[in-house]
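Data first, discussion second: the structure below is written as structure tokens.
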Amino acid sequence: MVFKVFFIALKTTRFHQSKAYNSLFVQSHKVNFIAILVYVDDVVLAKIARSSKGIPLSQRKYALEILDDAGFLVARPLRFPMEQNLALTQSDGELLKDPSSYKRLVERLIYLTITRLDIIYVIHVLSIFMEKPCTPHLEATHRVLRYLKQTPGQGILLSSTSTLQLNAFCDIDWARWKDKRRSVTGYCIFY
């Protein structure tokens with residue numbers, strides 16, 4: 001019922017429903033393109049900016065909101081999201097008294113990885129400790145925030161000039177997760 005009301009409201013404001021994905025609504029003018037994506041009880045509104053180079057995808061505003069909410073807008077920026085050779089375990093340090101702030105922060109950073117491929121690995125590692133986060137896990141999360149401070153608008157460029165190519169990248173840390181002696185692999189494929 002709610003979706004039907006929302007659907008009618010979008011239709012009256014000249015949004016068109018995608019034939020490929022019925023939860024996607026688009027509206028385009030001469031130079032503007034607006035996309036609304038409905039997912040369960042969430043709505044994502046995106047205004048797409050085109051240039052001669054292509055379409056840049058960035059969550060700058062969202063990254064700045066995360067930094068502001070966590071009190072890191074004035075923090076000293078860092079060049080890397082994670083210390084080299086950092087091996088976190090579940091028994092590292094003291095358990096956080098209130099893990100809810102850690103969980104909320106990591107959840108927000110997970111959503112940011114949609115356009116920030118440079119932090120996917122470290123956020124994956126930090127999400128492993130969501131159940132019982134300790135002080136070193138929170139410190140590593142704060143390091144990610146200081147890294148984001150350096151380039152909050154960094155994102156992905158969907159190039160308009162490149163020919164179609166398949167590029168694949170992967171990374172692995174061999175048995176770095178000390179508690180279970182497991183390896184973690186990450187990959188990214190561009191077409």
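Letters A, B, ... mark the chains of the structure tokens in the order given; residue numbers begin at 1 per chain; ligand numbers begin at 1, in order shown.
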
Item checked: Which of region 48-153 of chain A fall in helix (DSSP H, G or I), as JSON, numbers by chain -> {"A": [60, 61, 62, 63, 64, 65, 66, 67, 68, 69, 70, 100, 101, 102, 103, 104, 105, 106, 107, 108, 109, 110, 111, 112, 117, 118, 119, 120, 121, 122, 123, 124, 125, 126, 127, 135, 136, 137, 138, 139, 140, 141, 142, 143, 144, 145, 146, 147, 148, 149, 150]}

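Contact shell of Ser162 (chain A) at 12 Å (only C-alpha atoms; same-chain neighbours under 3 positions omitted): Ser52, Lys53, Gly54, Leu157, Leu158, Ser159, Gln165, Leu166, Phe190 and Tyr191 of chain A.
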
Selection above as a file: N, CA and C atoms, as a tab-separated table (two decimals), in the first residue's frame:
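The resulting file, result_32.tsv, is reproduced below:
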chain	number	residue	atom	x	y	z
A	52	SER	N	32.46	15.71	-19.34
A	52	SER	CA	33.04	15.16	-20.56
A	52	SER	C	33.91	13.93	-20.27
A	53	LYS	N	34.39	13.81	-19.03
A	53	LYS	CA	35.22	12.66	-18.64
A	53	LYS	C	34.39	11.43	-18.30
A	54	GLY	N	33.14	11.63	-17.89
A	54	GLY	CA	32.29	10.51	-17.51
A	54	GLY	C	31.39	10.86	-16.35
A	157	LEU	N	35.07	6.80	-11.00
A	157	LEU	CA	34.73	7.50	-12.24
A	157	LEU	C	34.34	6.47	-13.29
A	158	LEU	N	33.10	6.57	-13.77
A	158	LEU	CA	32.67	5.74	-14.88
A	158	LEU	C	33.02	6.52	-16.15
A	159	SER	N	34.12	6.17	-16.74
A	159	SER	CA	34.71	6.94	-17.83
A	159	SER	C	33.87	6.87	-19.10
A	165	GLN	N	36.64	-2.72	-21.22
A	165	GLN	CA	37.73	-3.61	-20.84
A	165	GLN	C	37.35	-4.33	-19.57
A	166	LEU	N	37.91	-5.49	-19.37
A	166	LEU	CA	37.73	-6.21	-18.13
A	166	LEU	C	39.02	-6.11	-17.34
A	190	PHE	N	36.26	-4.67	-12.76
A	190	PHE	CA	35.70	-3.57	-13.54
A	190	PHE	C	35.47	-4.02	-14.97
A	191	TYR	N	34.32	-3.69	-15.52
A	191	TYR	CA	34.02	-4.02	-16.91
A	191	TYR	C	33.82	-2.73	-17.66

Notebook entry, point to check: Which one of A:Leu126, A:Asp173, A:Pro81, A:Leu88 sits closest to Arg104 (chain A) if you count only C-alpha atoms?
Noted result: A:Leu126

Margin query: Quick one: residues within 10 Å of region 34-37 of chain A, only C-alpha atoms, excluding same-chain residues fewer than 4 positions away - as a list in words?
Written below: Leu10, Phe15, His16, Gln17, Tyr21, Asn22, Ser23, Leu24, Phe25, Val26, Gln27, Ser28, His29, Asp42, Val43, Val44, Leu45, Ala46, Lys47, Ile48 and Ala49 of chain A

Next, the residues of the selection above should be written as a compact mmCIF listing (two decimals), in the first residue's frame with N, CA, C and O atoms.
# COMPACT_ATOMS: atom_id res chain seq x y z
N LEU A 10 5.58 9.51 -7.43
CA LEU A 10 6.72 9.63 -8.34
C LEU A 10 6.26 9.79 -9.79
O LEU A 10 6.82 10.57 -10.56
N PHE A 15 8.69 10.94 -12.90
CA PHE A 15 9.69 9.88 -12.76
C PHE A 15 9.20 8.67 -13.54
O PHE A 15 8.00 8.40 -13.59
N HIS A 16 10.14 7.94 -14.13
CA HIS A 16 9.81 6.74 -14.89
C HIS A 16 10.37 5.53 -14.17
O HIS A 16 11.51 5.54 -13.70
N GLN A 17 9.56 4.49 -14.10
CA GLN A 17 9.99 3.26 -13.44
C GLN A 17 10.83 2.44 -14.41
O GLN A 17 10.48 2.28 -15.58
N TYR A 21 14.51 -2.99 -13.32
CA TYR A 21 14.49 -3.09 -11.85
C TYR A 21 13.36 -2.20 -11.36
O TYR A 21 13.49 -0.98 -11.36
N ASN A 22 12.24 -2.79 -10.94
CA ASN A 22 11.04 -2.00 -10.66
C ASN A 22 11.12 -1.12 -9.42
O ASN A 22 10.22 -0.32 -9.18
N SER A 23 12.19 -1.19 -8.65
CA SER A 23 12.37 -0.31 -7.49
C SER A 23 13.22 0.92 -7.83
O SER A 23 13.56 1.69 -6.96
N LEU A 24 13.59 1.05 -9.10
CA LEU A 24 14.39 2.18 -9.55
C LEU A 24 13.53 3.12 -10.38
O LEU A 24 12.85 2.70 -11.32
N PHE A 25 13.55 4.40 -9.99
CA PHE A 25 12.80 5.43 -10.70
C PHE A 25 13.79 6.50 -11.15
O PHE A 25 14.65 6.90 -10.39
N VAL A 26 13.64 6.94 -12.41
CA VAL A 26 14.57 7.93 -12.95
C VAL A 26 13.80 9.09 -13.57
O VAL A 26 12.67 8.95 -14.02
N GLN A 27 14.47 10.22 -13.56
CA GLN A 27 13.96 11.43 -14.19
C GLN A 27 15.14 12.14 -14.83
O GLN A 27 16.17 12.32 -14.18
N SER A 28 15.01 12.48 -16.10
CA SER A 28 16.13 13.17 -16.73
C SER A 28 15.63 14.41 -17.46
O SER A 28 14.53 14.43 -18.00
N HIS A 29 16.45 15.44 -17.39
CA HIS A 29 16.23 16.69 -18.09
C HIS A 29 17.39 16.87 -19.06
O HIS A 29 18.16 15.93 -19.28
N ASP A 42 13.93 1.89 2.84
CA ASP A 42 14.93 2.93 2.59
C ASP A 42 14.75 3.49 1.19
O ASP A 42 14.36 2.78 0.26
N VAL A 43 15.09 4.74 1.04
CA VAL A 43 15.06 5.39 -0.27
C VAL A 43 16.41 6.06 -0.47
O VAL A 43 16.87 6.82 0.38
N VAL A 44 17.04 5.76 -1.59
CA VAL A 44 18.31 6.38 -1.94
C VAL A 44 18.04 7.33 -3.09
O VAL A 44 17.54 6.93 -4.14
N LEU A 45 18.35 8.60 -2.88
CA LEU A 45 18.17 9.62 -3.91
C LEU A 45 19.54 10.04 -4.39
O LEU A 45 20.41 10.39 -3.59
N ALA A 46 19.74 9.99 -5.69
CA ALA A 46 21.04 10.36 -6.24
C ALA A 46 20.85 11.31 -7.41
O ALA A 46 20.03 11.06 -8.30
N LYS A 47 21.56 12.39 -7.37
CA LYS A 47 21.60 13.31 -8.52
C LYS A 47 22.90 13.03 -9.23
O LYS A 47 23.99 13.17 -8.66
N ILE A 48 22.82 12.61 -10.46
CA ILE A 48 23.99 12.18 -11.21
C ILE A 48 24.57 13.38 -11.97
O ILE A 48 23.86 14.05 -12.72
N ALA A 49 25.84 13.65 -11.76
CA ALA A 49 26.53 14.74 -12.45
C ALA A 49 27.39 14.15 -13.55
O ALA A 49 28.24 13.30 -13.30

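Contact shell of Phe129 (chain A) at 10 Å (only C-alpha atoms; same-chain neighbours under 3 positions omitted): Leu88, Thr89, Gln90, Tyr102, Lys103, Val106, His124, Val125, Leu126, Lys132, Pro133, Cys134, His137 and Leu138 of chain A.
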
Could you save those same residues with all heavy atoms as an mmCIF file, in the first residue's frame?
data_model
loop_
_atom_site.group_PDB
_atom_site.id
_atom_site.type_symbol
_atom_site.label_atom_id
_atom_site.label_comp_id
_atom_site.auth_asym_id
_atom_site.auth_seq_id
_atom_site.Cartn_x
_atom_site.Cartn_y
_atom_site.Cartn_z
ATOM 1 N N LEU A 88 44.774 -7.962 13.835
ATOM 2 C CA LEU A 88 43.839 -7.862 14.957
ATOM 3 C C LEU A 88 43.291 -9.231 15.325
ATOM 4 O O LEU A 88 43.092 -10.079 14.458
ATOM 5 C CB LEU A 88 42.678 -6.934 14.581
ATOM 6 C CG LEU A 88 43.037 -5.477 14.311
ATOM 7 C CD1 LEU A 88 41.859 -4.741 13.699
ATOM 8 C CD2 LEU A 88 43.485 -4.800 15.591
ATOM 9 N N THR A 89 43.051 -9.421 16.622
ATOM 10 C CA THR A 89 42.423 -10.653 17.096
ATOM 11 C C THR A 89 41.273 -10.296 18.026
ATOM 12 O O THR A 89 41.146 -9.151 18.467
ATOM 13 C CB THR A 89 43.428 -11.541 17.875
ATOM 14 O OG1 THR A 89 43.808 -10.866 19.077
ATOM 15 C CG2 THR A 89 44.646 -11.867 17.037
ATOM 16 N N GLN A 90 40.454 -11.272 18.335
ATOM 17 C CA GLN A 90 39.314 -11.012 19.214
ATOM 18 C C GLN A 90 39.734 -10.828 20.666
ATOM 19 O O GLN A 90 38.983 -10.286 21.450
ATOM 20 C CB GLN A 90 38.296 -12.138 19.102
ATOM 21 C CG GLN A 90 37.643 -12.119 17.739
ATOM 22 C CD GLN A 90 36.355 -12.882 17.688
ATOM 23 O OE1 GLN A 90 36.283 -13.994 18.177
ATOM 24 N NE2 GLN A 90 35.357 -12.281 17.087
ATOM 25 N N TYR A 102 30.589 1.463 18.153
ATOM 26 C CA TYR A 102 31.500 0.802 17.212
ATOM 27 C C TYR A 102 30.696 0.149 16.084
ATOM 28 O O TYR A 102 31.012 0.320 14.900
ATOM 29 C CB TYR A 102 32.334 -0.259 17.943
ATOM 30 C CG TYR A 102 33.221 -1.065 17.024
ATOM 31 C CD1 TYR A 102 34.473 -0.588 16.651
ATOM 32 C CD2 TYR A 102 32.819 -2.302 16.533
ATOM 33 C CE1 TYR A 102 35.294 -1.330 15.808
ATOM 34 C CE2 TYR A 102 33.636 -3.045 15.690
ATOM 35 C CZ TYR A 102 34.866 -2.556 15.333
ATOM 36 O OH TYR A 102 35.666 -3.284 14.494
ATOM 37 N N LYS A 103 29.644 -0.565 16.450
ATOM 38 C CA LYS A 103 28.817 -1.255 15.456
ATOM 39 C C LYS A 103 28.201 -0.264 14.479
ATOM 40 O O LYS A 103 28.216 -0.480 13.271
ATOM 41 C CB LYS A 103 27.726 -2.057 16.150
ATOM 42 C CG LYS A 103 28.239 -3.252 16.911
ATOM 43 C CD LYS A 103 27.121 -3.958 17.639
ATOM 44 C CE LYS A 103 27.660 -5.093 18.467
ATOM 45 N NZ LYS A 103 26.615 -5.799 19.203
ATOM 46 N N VAL A 106 30.949 1.137 12.098
ATOM 47 C CA VAL A 106 31.371 0.163 11.085
ATOM 48 C C VAL A 106 30.254 -0.054 10.064
ATOM 49 O O VAL A 106 30.513 -0.142 8.853
ATOM 50 C CB VAL A 106 31.820 -1.167 11.732
ATOM 51 C CG1 VAL A 106 32.072 -2.237 10.677
ATOM 52 C CG2 VAL A 106 33.078 -0.953 12.567
ATOM 53 N N HIS A 124 36.132 -4.727 6.006
ATOM 54 C CA HIS A 124 35.818 -6.152 6.151
ATOM 55 C C HIS A 124 36.470 -6.716 7.415
ATOM 56 O O HIS A 124 35.830 -7.431 8.190
ATOM 57 C CB HIS A 124 36.283 -6.926 4.922
ATOM 58 C CG HIS A 124 36.177 -8.401 5.088
ATOM 59 N ND1 HIS A 124 34.973 -9.065 5.037
ATOM 60 C CD2 HIS A 124 37.116 -9.337 5.341
ATOM 61 C CE1 HIS A 124 35.184 -10.360 5.255
ATOM 62 N NE2 HIS A 124 36.473 -10.546 5.429
ATOM 63 N N VAL A 125 37.726 -6.387 7.617
ATOM 64 C CA VAL A 125 38.434 -6.860 8.816
ATOM 65 C C VAL A 125 37.746 -6.344 10.082
ATOM 66 O O VAL A 125 37.505 -7.092 11.024
ATOM 67 C CB VAL A 125 39.916 -6.424 8.787
ATOM 68 C CG1 VAL A 125 40.584 -6.671 10.127
ATOM 69 C CG2 VAL A 125 40.663 -7.163 7.679
ATOM 70 N N LEU A 126 37.404 -5.053 10.110
ATOM 71 C CA LEU A 126 36.780 -4.469 11.299
ATOM 72 C C LEU A 126 35.379 -5.032 11.551
ATOM 73 O O LEU A 126 34.953 -5.120 12.694
ATOM 74 C CB LEU A 126 36.730 -2.945 11.160
ATOM 75 C CG LEU A 126 38.095 -2.266 11.131
ATOM 76 C CD1 LEU A 126 37.953 -0.794 10.787
ATOM 77 C CD2 LEU A 126 38.824 -2.453 12.450
ATOM 78 N N LYS A 132 32.012 -8.514 19.543
ATOM 79 C CA LYS A 132 32.724 -8.157 20.772
ATOM 80 C C LYS A 132 33.922 -7.268 20.447
ATOM 81 O O LYS A 132 35.068 -7.702 20.502
ATOM 82 C CB LYS A 132 33.186 -9.417 21.500
ATOM 83 C CG LYS A 132 32.061 -10.277 22.032
ATOM 84 C CD LYS A 132 32.610 -11.488 22.742
ATOM 85 C CE LYS A 132 31.475 -12.366 23.230
ATOM 86 N NZ LYS A 132 31.963 -13.588 23.856
ATOM 87 N N PRO A 133 33.664 -6.005 20.113
ATOM 88 C CA PRO A 133 34.779 -5.122 19.764
ATOM 89 C C PRO A 133 35.610 -4.727 20.978
ATOM 90 O O PRO A 133 35.091 -4.555 22.076
ATOM 91 C CB PRO A 133 34.088 -3.908 19.150
ATOM 92 C CG PRO A 133 32.724 -3.903 19.738
ATOM 93 C CD PRO A 133 32.374 -5.339 19.999
ATOM 94 N N CYS A 134 36.902 -4.587 20.743
ATOM 95 C CA CYS A 134 37.845 -4.178 21.784
ATOM 96 C C CYS A 134 38.463 -2.832 21.406
ATOM 97 O O CYS A 134 38.280 -2.344 20.293
ATOM 98 C CB CYS A 134 38.939 -5.229 21.943
ATOM 99 S SG CYS A 134 38.328 -6.841 22.460
ATOM 100 N N HIS A 137 40.315 -2.442 18.095
ATOM 101 C CA HIS A 137 39.409 -2.432 16.941
ATOM 102 C C HIS A 137 38.847 -1.031 16.734
ATOM 103 O O HIS A 137 38.761 -0.547 15.597
ATOM 104 C CB HIS A 137 38.280 -3.444 17.128
ATOM 105 C CG HIS A 137 38.756 -4.806 17.500
ATOM 106 N ND1 HIS A 137 38.123 -5.582 18.453
ATOM 107 C CD2 HIS A 137 39.827 -5.522 17.080
ATOM 108 C CE1 HIS A 137 38.773 -6.726 18.586
ATOM 109 N NE2 HIS A 137 39.809 -6.711 17.764
ATOM 110 N N LEU A 138 38.481 -0.374 17.828
ATOM 111 C CA LEU A 138 37.977 0.995 17.744
ATOM 112 C C LEU A 138 39.084 1.945 17.266
ATOM 113 O O LEU A 138 38.833 2.824 16.436
ATOM 114 C CB LEU A 138 37.431 1.452 19.096
ATOM 115 C CG LEU A 138 36.810 2.849 19.129
ATOM 116 C CD1 LEU A 138 35.630 2.944 18.172
ATOM 117 C CD2 LEU A 138 36.388 3.208 20.551
#

Notebook entry, point to check: Using the chain letters and numbers from this document, which residues of region 134-171 of chain A does DSSP assign to strand (DSSP E), as a ChimeraX atom specification?
Noted result: /A:155-159,167-171

Please write the residues from the selection above to a file, keeping all heavy atoms, as an mmCIF file, in the first residue's frame.
data_model
loop_
_atom_site.group_PDB
_atom_site.id
_atom_site.type_symbol
_atom_site.label_atom_id
_atom_site.label_comp_id
_atom_site.auth_asym_id
_atom_site.auth_seq_id
_atom_site.Cartn_x
_atom_site.Cartn_y
_atom_site.Cartn_z
ATOM 1 N N GLY A 155 36.076 8.792 -5.041
ATOM 2 C CA GLY A 155 35.044 7.844 -5.455
ATOM 3 C C GLY A 155 35.460 7.087 -6.695
ATOM 4 O O GLY A 155 36.645 6.822 -6.907
ATOM 5 N N ILE A 156 34.480 6.811 -7.521
ATOM 6 C CA ILE A 156 34.687 6.019 -8.738
ATOM 7 C C ILE A 156 34.310 6.893 -9.938
ATOM 8 O O ILE A 156 33.316 7.604 -9.906
ATOM 9 C CB ILE A 156 33.789 4.767 -8.729
ATOM 10 C CG1 ILE A 156 34.093 3.888 -7.510
ATOM 11 C CG2 ILE A 156 33.935 3.973 -10.007
ATOM 12 C CD1 ILE A 156 33.099 2.775 -7.321
ATOM 13 N N LEU A 157 35.069 6.803 -11.004
ATOM 14 C CA LEU A 157 34.734 7.502 -12.241
ATOM 15 C C LEU A 157 34.336 6.471 -13.291
ATOM 16 O O LEU A 157 35.130 5.587 -13.634
ATOM 17 C CB LEU A 157 35.919 8.332 -12.756
ATOM 18 C CG LEU A 157 35.691 9.011 -14.107
ATOM 19 C CD1 LEU A 157 34.601 10.084 -14.001
ATOM 20 C CD2 LEU A 157 36.973 9.594 -14.631
ATOM 21 N N LEU A 158 33.100 6.574 -13.769
ATOM 22 C CA LEU A 158 32.665 5.741 -14.883
ATOM 23 C C LEU A 158 33.021 6.519 -16.154
ATOM 24 O O LEU A 158 32.310 7.437 -16.558
ATOM 25 C CB LEU A 158 31.159 5.474 -14.800
ATOM 26 C CG LEU A 158 30.671 4.819 -13.503
ATOM 27 C CD1 LEU A 158 29.167 4.690 -13.505
ATOM 28 C CD2 LEU A 158 31.335 3.470 -13.302
ATOM 29 N N SER A 159 34.119 6.165 -16.740
ATOM 30 C CA SER A 159 34.707 6.938 -17.828
ATOM 31 C C SER A 159 33.872 6.873 -19.100
ATOM 32 O O SER A 159 33.357 5.813 -19.471
ATOM 33 C CB SER A 159 36.116 6.426 -18.118
ATOM 34 O OG SER A 159 36.673 7.116 -19.204
ATOM 35 N N ASN A 167 38.955 -5.492 -16.165
ATOM 36 C CA ASN A 167 40.116 -5.376 -15.286
ATOM 37 C C ASN A 167 39.761 -6.022 -13.958
ATOM 38 O O ASN A 167 38.712 -5.720 -13.384
ATOM 39 C CB ASN A 167 40.484 -3.908 -15.042
ATOM 40 C CG ASN A 167 40.971 -3.238 -16.301
ATOM 41 O OD1 ASN A 167 41.842 -3.753 -16.976
ATOM 42 N ND2 ASN A 167 40.401 -2.088 -16.609
ATOM 43 N N ALA A 168 40.615 -6.875 -13.471
ATOM 44 C CA ALA A 168 40.360 -7.543 -12.193
ATOM 45 C C ALA A 168 41.555 -7.345 -11.276
ATOM 46 O O ALA A 168 42.702 -7.400 -11.703
ATOM 47 C CB ALA A 168 40.112 -9.031 -12.422
ATOM 48 N N PHE A 169 41.261 -7.088 -10.004
ATOM 49 C CA PHE A 169 42.288 -6.908 -8.987
ATOM 50 C C PHE A 169 41.905 -7.756 -7.788
ATOM 51 O O PHE A 169 40.731 -7.889 -7.461
ATOM 52 C CB PHE A 169 42.378 -5.436 -8.556
ATOM 53 C CG PHE A 169 42.587 -4.493 -9.698
ATOM 54 C CD1 PHE A 169 41.528 -3.924 -10.361
ATOM 55 C CD2 PHE A 169 43.873 -4.185 -10.119
ATOM 56 C CE1 PHE A 169 41.712 -3.056 -11.422
ATOM 57 C CE2 PHE A 169 44.080 -3.311 -11.166
ATOM 58 C CZ PHE A 169 42.992 -2.749 -11.824
ATOM 59 N N CYS A 170 42.899 -8.321 -7.135
ATOM 60 C CA CYS A 170 42.602 -9.073 -5.920
ATOM 61 C C CYS A 170 43.747 -8.897 -4.925
ATOM 62 O O CYS A 170 44.853 -8.530 -5.279
ATOM 63 C CB CYS A 170 42.353 -10.546 -6.208
ATOM 64 S SG CYS A 170 43.820 -11.484 -6.630
ATOM 65 N N ASP A 171 43.419 -9.169 -3.680
ATOM 66 C CA ASP A 171 44.414 -9.090 -2.629
ATOM 67 C C ASP A 171 44.065 -10.150 -1.602
ATOM 68 O O ASP A 171 42.895 -10.488 -1.413
ATOM 69 C CB ASP A 171 44.405 -7.696 -1.992
ATOM 70 C CG ASP A 171 45.673 -7.450 -1.173
ATOM 71 O OD1 ASP A 171 46.618 -8.271 -1.242
ATOM 72 O OD2 ASP A 171 45.700 -6.449 -0.449
#

Checklist line | d(CA of Thr113 (chain A), CA of Thr135 (chain A)) in Å | finding: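 Between CA of Thr113 (chain A) and CA of Thr135 (chain A) the gap works out to 22.8 Å.
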
Notebook entry, point to check: Which distance in Å separates CA of Glu94 (chain A) and CA of Val122 (chain A), to one decimal?
Noted result: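 Separation between CA of Glu94 (chain A) and CA of Val122 (chain A): 20.4 Å.
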
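Comparing A:Lys97, A:Arg182, A:Arg146, A:Arg108 by their smallest distance to Leu73 (chain A), the closest is A:Arg146 (using only C-alpha atoms).
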
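Interatomic distance, CA of Lys19 (chain A) against CA of Ser58 (chain A): 25.6 Å.
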
Next item on the list: Show which residues sit within 9 Å of Ile110 (chain A), as a list in words. Count only C-alpha atoms, and ignore same-chain residues fewer than 6 positions away.
Entry: Ile119, Ile120, Ile123, His124 and Ser127 of chain A

Item checked: Nearest to Leu64 (chain A), chosen from A:Cys188, A:Ala140, A:Met82, A:Leu109, with only C-alpha atoms counted in the distances ->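 Of the candidates, the smallest distance to Leu64 (chain A) is held by A:Leu109.
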